[in-house]
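I have placed the structure first, in the form of C-alpha cells, so that the comments after it can refer back to it.
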There are 2 protein chains.
Amino acid sequence: MPEPVVVEPNFFEVIGTQRAMRRLKTDPVPEAYIKRIIWAATRAPSGGNRQGWRWLVVTDAAKKKQIQEWYEEAWTRYTASGYGNARTDLPPEEAKSNDAVLKSANYLAAHLHEAPVLIFACALTGPGGDITAGSSIYPAVQNLMLAARALGLGTALTTVHRAHQDDVRKLLGIPETVETAALIPVGWPKGKFGTGLRRPVEDVTYWDAWGAKRQ
Amino acid sequence: MPEPVVVEPNFFEVIGTQRAMRRLKTDPVPEAYIKRIIWAATRAPSGGNRQGWRWLVVTDAAKKKQIQEWYEEAWTRYTASGYGNARTDLPPEEAKSNDAVLKSANYLAAHLHEAPVLIFACALTGPGGDITAGSSIYPAVQNLMLAARALGLGTALTTVHRAHQDDVRKLLGIPETVETAALIPVGWPKGKFGTGLRRPVEDVTYWDAWGAKRQ
C-alpha cells in the first residue's frame with residue numbers, strides 16, 4: 001500500500017465535492033498518486049471478494065492520442081444523433097447545468113489525450129449478464145474517483161470509448177474476455193471542485209413502499 | 001441535505017476500513033442517519049447526471065421478514081449448487097478469508113430481517129444493456145456504504161434477492177421497468193470494522209499495456 005500523500009481530508013467534504021472534472025491540466029501526476037488511487041479502488045467490495053479487476057494505466061502519448069481520436073469520433077456520432085442535446089423538459093437550473101456538462105464533455109472529447117493519465121477499469125467478468133455485472137467494478141471505480149478528489153485530482157467516469165472497444169483492446173493487448181467498464185481521465189483540474197447539482201434526498205427516497213415519500 | 005451527525009471522519013481511514021458487515025444489531029437507526037447516507041449516495045455521478053435512482057427504505061417488520069424468506073431460499077439454492085463452496089484453488093490466507101465470508105453470508109441469509117433497515121437501490125434504467133448499465137447506480141451504492149461506514153453503520157452489497165425480484169416488486173409496489181440493483185442491509189455492526197483482504201496494487205495494475213507490471 002502506497003504511503004498517504006496528503007493530510008486528513010474530511011470524508012464528507014470529499015463525498016460532497018467529488019464531481020466530474022473534464023478540463024484537466026497537462027502536468028504530470030506522480031506515480032505514488034496513481035498507486036494511491038488504485039489502492040483505494042481495490043478496497044471496494046466485489047462479489048465473493050473475487051477482485052476481478054485490473055487497472056490499466058495509460059501515459060504513453062501516442063496511445064493516448066489514438067484513444068482520443070476513437071473517443072472523439074464516437075462522441076461526435078452520439079451528439080449528432082441527439083445525445084445530450086439541449087433539453088427543453090428541464091427546469092431552468094437543471095437545463096443550465098445540462099448545457100455546462102455538454103460543453104465540458106465536448107471539451108473532454110477534443111482534449112482527452114492531454115490528460116496526463118488515462119485509466120481503464122477492466123472487469124474480468126466477461127460480456128453479458130444483467131445490471132449486476134457492474135456491481136463488482138463500479139464501486140471500485142467510485143473509490144478511485146473519490147480518492148483522486150481527496151488528493152486534488154480531477155476525474156470523470158466515461159464509457160464512450162466502448163464504441164471502439166475492440167480497437168482499444170488491440171491497441172493495449174487487452175483480452176477479448178475482458179470488459180473495459182470505464183475510461184477515467186486523471187489529472188490536475190483547471191477548474192475548482194464544487195457541489196454538483198442534485199435532487200433533494202426527499203425526492204428520491206421512498207419508505208416501505210414505492211412512491212411513499214417523507215419530508 | 002441532512003445535518004452532519006458525526007465529526008470529521010478521515011477519508012482514507014473510511015475507504016480503508018469499509019468492508020461488508022453482515023452481522024448487525026437489531027437496534028434502530030435514526031432517520032437522520034438514513035437520510036445522510038442517501039444524501040451521500042446522491043452525490044455520486046450518473047450518466048448525463050440523470051440521477052435515475054430511487055432509494056427504497058424498508059423498516060416494516062413483516063415486509064423485512066418476507067424479504068428474508070425469499071433471500072434465504074435463493075441463498076440456500078445458490079450454496080447447494082456449489083456457490084461459495086470451500087475453494088481449494090486459493091492460498092491459505094485467502095481460503096480462510098473465503099470461509100469467513102461464507103459463514104457471515106450464511107448468517108446474513110438467516111438474519112436479514114433483523115437488520116433495522118433494508119435499502120433497495122432502484123435503477124430507473126430498465127432491464128438489459130451491457131456492463132455499463134450498472135455505471136449509473138453502483139457508484140451511488142458505494143457512496144452510501146462508505147457514508148454508513150463513516151457513521152459507524154455496517155452494510156453489505158447484496159443481489160441475492162434478484163432471484164425473487166418480481167416477488168419483491170409486488171410486495172413493495174416497484175414498477176416492472178425498475179431494476180433493484182442491490183439490497184443493502186444497514187445497522188450497527190456486532191463486529192469491528194477492519195481492512196478486508198485484498199491483493200497488492202502492483203498485482204492488479206498494468207502500465208501502458210495489458211500484463212505490464214511495475215513494482
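Residue numbers start at 1 in each chain; chains themselves are named A, B, ... in the order of the C-alpha cells; ligands are numbered from 1 in the order shown.
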With all Cα atoms paired residue by residue, do a least-squares superposition of chain B on chain A and hand back the transformed coordinates as a CSV table (one decimal) with C-alpha atoms, in the first residue's frame.
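The resulting superposed.csv:
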chain,number,residue,atom,x,y,z
B,1,MET,CA,0.1,0.0,0.0
B,2,PRO,CA,1.5,3.4,-1.1
B,3,GLU,CA,2.1,6.0,1.6
B,4,PRO,CA,-0.5,8.6,2.2
B,5,VAL,CA,0.5,11.8,0.3
B,6,VAL,CA,-2.0,14.3,1.8
B,7,VAL,CA,-3.2,15.1,5.2
B,8,GLU,CA,-6.5,14.3,6.7
B,9,PRO,CA,-9.1,15.1,4.1
B,10,ASN,CA,-12.6,15.0,5.6
B,11,PHE,CA,-14.8,12.2,4.3
B,12,PHE,CA,-18.0,14.1,3.9
B,13,GLU,CA,-16.3,17.0,2.3
B,14,VAL,CA,-14.7,14.6,-0.3
B,15,ILE,CA,-18.1,12.9,-0.9
B,16,GLY,CA,-19.9,16.2,-1.2
B,17,THR,CA,-17.5,17.8,-3.7
B,18,GLN,CA,-16.5,14.9,-6.0
B,19,ARG,CA,-17.8,15.7,-9.4
B,20,ALA,CA,-16.7,15.1,-13.0
B,21,MET,CA,-13.7,17.3,-13.8
B,22,ARG,CA,-13.3,17.2,-17.6
B,23,ARG,CA,-10.9,20.1,-18.1
B,24,LEU,CA,-7.5,18.9,-16.9
B,25,LYS,CA,-4.0,20.3,-17.0
B,26,THR,CA,-1.3,18.5,-18.8
B,27,ASP,CA,1.0,18.5,-15.8
B,28,PRO,CA,2.2,15.0,-14.8
B,29,VAL,CA,0.7,13.1,-11.9
B,30,PRO,CA,3.3,11.4,-9.6
B,31,GLU,CA,3.2,7.6,-9.8
B,32,ALA,CA,2.6,7.5,-6.0
B,33,TYR,CA,-0.7,9.3,-6.5
B,34,ILE,CA,-1.7,6.8,-9.2
B,35,LYS,CA,-0.9,3.9,-7.0
B,36,ARG,CA,-2.7,5.5,-4.1
B,37,ILE,CA,-6.0,6.0,-6.0
B,38,ILE,CA,-5.8,2.4,-7.3
B,39,TRP,CA,-5.2,1.2,-3.8
B,40,ALA,CA,-8.4,3.0,-2.9
B,41,ALA,CA,-10.2,1.2,-5.8
B,42,THR,CA,-9.0,-2.2,-4.5
B,43,ARG,CA,-10.6,-1.5,-1.1
B,44,ALA,CA,-14.1,-1.7,-2.7
B,45,PRO,CA,-16.3,-4.8,-2.4
B,46,SER,CA,-16.6,-7.3,-5.2
B,47,GLY,CA,-18.8,-10.4,-5.4
B,48,GLY,CA,-17.3,-13.2,-3.3
B,49,ASN,CA,-14.3,-10.8,-2.8
B,50,ARG,CA,-13.0,-12.1,-6.2
B,51,GLN,CA,-11.4,-8.7,-7.1
B,52,GLY,CA,-11.9,-9.5,-10.8
B,53,TRP,CA,-10.4,-6.2,-11.9
B,54,ARG,CA,-7.3,-4.8,-13.5
B,55,TRP,CA,-6.3,-1.2,-13.7
B,56,LEU,CA,-4.7,-0.3,-17.0
B,57,VAL,CA,-2.8,3.0,-16.7
B,58,VAL,CA,-2.0,4.7,-20.0
B,59,THR,CA,0.5,7.5,-20.1
B,60,ASP,CA,2.1,6.8,-23.5
B,61,ALA,CA,1.4,9.9,-25.6
B,62,ALA,CA,0.9,8.0,-28.9
B,63,LYS,CA,-1.6,5.6,-27.3
B,64,LYS,CA,-3.5,8.4,-25.6
B,65,LYS,CA,-3.8,10.3,-28.9
B,66,GLN,CA,-5.1,7.2,-30.7
B,67,ILE,CA,-7.6,6.6,-27.9
B,68,GLN,CA,-8.7,10.3,-28.0
B,69,GLU,CA,-9.4,10.0,-31.8
B,70,TRP,CA,-11.6,7.0,-31.3
B,71,TYR,CA,-13.3,8.7,-28.4
B,72,GLU,CA,-14.0,11.9,-30.2
B,73,GLU,CA,-15.3,10.0,-33.3
B,74,ALA,CA,-17.8,8.1,-31.1
B,75,TRP,CA,-18.7,11.2,-29.1
B,76,THR,CA,-19.3,13.2,-32.3
B,77,ARG,CA,-21.6,10.5,-33.6
B,78,TYR,CA,-23.5,10.4,-30.3
B,79,THR,CA,-24.1,14.1,-30.1
B,80,ALA,CA,-25.0,14.2,-33.8
B,81,SER,CA,-27.7,11.6,-33.1
B,82,GLY,CA,-29.2,13.8,-30.4
B,83,TYR,CA,-27.5,12.6,-27.3
B,84,GLY,CA,-27.1,15.4,-24.8
B,85,ASN,CA,-28.9,18.0,-27.0
B,86,ALA,CA,-30.3,21.0,-25.2
B,87,ARG,CA,-33.3,19.6,-23.3
B,88,THR,CA,-36.5,21.5,-23.1
B,89,ASP,CA,-38.0,19.3,-20.4
B,90,LEU,CA,-35.8,20.5,-17.6
B,91,PRO,CA,-36.3,23.3,-15.0
B,92,PRO,CA,-34.0,26.3,-15.8
B,93,GLU,CA,-31.4,25.4,-13.2
B,94,GLU,CA,-31.1,21.9,-14.5
B,95,ALA,CA,-31.1,23.0,-18.1
B,96,LYS,CA,-28.2,25.3,-17.4
B,97,SER,CA,-26.3,22.6,-15.6
B,98,ASN,CA,-27.0,20.2,-18.5
B,99,ASP,CA,-25.6,22.7,-21.0
B,100,ALA,CA,-22.5,23.1,-18.9
B,101,VAL,CA,-22.0,19.4,-18.7
B,102,LEU,CA,-22.4,19.1,-22.5
B,103,LYS,CA,-19.8,21.8,-23.1
B,104,SER,CA,-17.3,20.2,-20.8
B,105,ALA,CA,-17.9,16.8,-22.3
B,106,ASN,CA,-17.2,18.3,-25.8
B,107,TYR,CA,-14.0,19.7,-24.4
B,108,LEU,CA,-13.0,16.4,-23.0
B,109,ALA,CA,-13.6,14.6,-26.3
B,110,ALA,CA,-11.2,17.1,-28.0
B,111,HIS,CA,-8.6,17.1,-25.3
B,112,LEU,CA,-8.7,13.6,-23.8
B,113,HIS,CA,-5.1,12.9,-24.8
B,114,GLU,CA,-3.9,15.9,-22.9
B,115,ALA,CA,-4.8,14.3,-19.6
B,116,PRO,CA,-1.6,13.0,-18.2
B,117,VAL,CA,-3.1,9.7,-17.3
B,118,LEU,CA,-5.9,7.6,-18.6
B,119,ILE,CA,-7.1,4.6,-16.5
B,120,PHE,CA,-9.1,1.8,-17.9
B,121,ALA,CA,-11.2,-0.1,-15.3
B,122,CYS,CA,-11.1,-3.6,-16.6
B,123,ALA,CA,-13.5,-6.3,-15.5
B,124,LEU,CA,-12.5,-9.9,-15.8
B,125,THR,CA,-16.2,-11.0,-15.8
B,126,GLY,CA,-16.7,-11.3,-19.5
B,127,PRO,CA,-19.5,-9.9,-21.5
B,128,GLY,CA,-23.3,-10.3,-20.9
B,129,GLY,CA,-25.1,-10.5,-17.7
B,130,ASP,CA,-27.7,-8.1,-16.2
B,131,ILE,CA,-27.2,-4.8,-14.4
B,132,THR,CA,-25.4,-6.7,-11.6
B,133,ALA,CA,-22.5,-7.3,-13.9
B,134,GLY,CA,-21.4,-3.8,-12.9
B,135,SER,CA,-21.7,-4.4,-9.2
B,136,SER,CA,-18.1,-5.7,-8.8
B,137,ILE,CA,-16.4,-3.0,-10.8
B,138,TYR,CA,-18.2,0.4,-10.4
B,139,PRO,CA,-17.9,0.5,-6.6
B,140,ALA,CA,-14.1,0.3,-7.1
B,141,VAL,CA,-14.3,3.0,-9.9
B,142,GLN,CA,-16.1,5.3,-7.5
B,143,ASN,CA,-13.5,4.6,-4.7
B,144,LEU,CA,-10.8,5.6,-7.2
B,145,MET,CA,-12.5,8.8,-8.2
B,146,LEU,CA,-13.2,9.8,-4.6
B,147,ALA,CA,-9.6,9.1,-3.6
B,148,ALA,CA,-8.5,11.3,-6.6
B,149,ARG,CA,-10.7,14.1,-5.3
B,150,ALA,CA,-9.2,13.7,-1.8
B,151,LEU,CA,-5.8,14.2,-3.4
B,152,GLY,CA,-6.9,17.2,-5.5
B,153,LEU,CA,-7.0,15.2,-8.8
B,154,GLY,CA,-9.8,15.5,-11.3
B,155,THR,CA,-11.5,12.5,-12.9
B,156,ALA,CA,-14.6,11.6,-14.9
B,157,LEU,CA,-16.4,8.3,-15.4
B,158,THR,CA,-16.7,7.8,-19.2
B,159,THR,CA,-17.8,4.8,-21.3
B,160,VAL,CA,-17.7,6.5,-24.8
B,161,HIS,CA,-14.6,4.5,-25.8
B,162,ARG,CA,-16.7,1.3,-25.8
B,163,ALA,CA,-17.9,2.1,-29.3
B,164,HIS,CA,-14.3,1.3,-30.2
B,165,GLN,CA,-13.7,-1.3,-27.5
B,166,ASP,CA,-12.2,-3.9,-29.9
B,167,ASP,CA,-9.8,-1.3,-31.3
B,168,VAL,CA,-8.8,-0.3,-27.7
B,169,ARG,CA,-8.3,-4.0,-26.8
B,170,LYS,CA,-5.9,-4.4,-29.8
B,171,LEU,CA,-4.0,-1.3,-29.0
B,172,LEU,CA,-3.4,-2.3,-25.4
B,173,GLY,CA,-3.4,-6.1,-25.7
B,174,ILE,CA,-6.5,-6.5,-23.6
B,175,PRO,CA,-8.0,-10.0,-24.0
B,176,GLU,CA,-11.4,-10.3,-25.6
B,177,THR,CA,-12.9,-11.7,-22.5
B,178,VAL,CA,-12.2,-8.5,-20.5
B,179,GLU,CA,-14.7,-5.7,-20.4
B,180,THR,CA,-13.3,-2.1,-20.3
B,181,ALA,CA,-16.0,-0.9,-17.9
B,182,ALA,CA,-14.8,2.7,-17.7
B,183,LEU,CA,-12.2,5.0,-19.1
B,184,ILE,CA,-11.2,7.5,-16.4
B,185,PRO,CA,-9.0,10.5,-17.4
B,186,VAL,CA,-7.0,11.7,-14.4
B,187,GLY,CA,-5.2,15.0,-13.9
B,188,TRP,CA,-5.0,18.3,-12.0
B,189,PRO,CA,-8.2,20.2,-12.7
B,190,LYS,CA,-8.3,23.5,-14.4
B,191,GLY,CA,-11.4,24.5,-12.6
B,192,LYS,CA,-12.5,24.2,-8.9
B,193,PHE,CA,-14.2,21.3,-7.2
B,194,GLY,CA,-17.7,22.0,-6.1
B,195,THR,CA,-21.0,20.5,-5.4
B,196,GLY,CA,-22.8,19.1,-8.4
B,197,LEU,CA,-26.5,19.8,-9.0
B,198,ARG,CA,-28.6,17.0,-7.4
B,199,ARG,CA,-32.2,16.5,-6.5
B,200,PRO,CA,-33.1,16.6,-2.8
B,201,VAL,CA,-32.9,13.4,-0.8
B,202,GLU,CA,-36.7,13.6,-0.1
B,203,ASP,CA,-37.5,13.4,-3.8
B,204,VAL,CA,-35.6,10.2,-4.4
B,205,THR,CA,-36.3,8.3,-1.2
B,206,TYR,CA,-39.3,6.1,-0.6
B,207,TRP,CA,-40.3,4.5,2.8
B,208,ASP,CA,-41.7,0.9,2.9
B,209,ALA,CA,-43.5,1.3,-0.4
B,210,TRP,CA,-42.7,2.6,-3.9
B,211,GLY,CA,-43.7,6.3,-4.1
B,212,ALA,CA,-44.2,6.8,-0.4
B,213,LYS,CA,-42.2,10.0,0.4
B,214,ARG,CA,-41.4,11.6,3.8
B,215,GLN,CA,-40.2,15.1,4.4
Inset, instruction - Extract the full set of helix (DSSP H, G or I) residues from chain A according to DSSP on the backbone, and format it as JSON, numbers by chain. - result: {"A": [11, 12, 13, 14, 15, 16, 17, 31, 32, 33, 34, 35, 36, 37, 38, 39, 40, 41, 42, 47, 48, 49, 61, 62, 63, 64, 65, 66, 67, 68, 69, 70, 71, 72, 73, 74, 75, 76, 77, 78, 79, 80, 92, 93, 94, 95, 96, 97, 98, 99, 100, 101, 102, 103, 104, 105, 106, 107, 108, 109, 110, 111, 112, 113, 114, 131, 132, 133, 134, 135, 136, 138, 139, 140, 141, 142, 143, 144, 145, 146, 147, 148, 149, 150, 151, 160, 161, 162, 163, 164, 165, 166, 167, 168, 169, 170, 171, 172, 201, 202, 203, 204]}
Inset, instruction - Could you give me the residues within range 55-202 of chain B that DSSP places in strand (DSSP E), as JSON, numbers by chain? - result: {"B": [55, 56, 57, 58, 117, 118, 119, 120, 121, 122, 123, 154, 155, 179, 180, 181, 182, 183, 184, 185, 186, 187]}
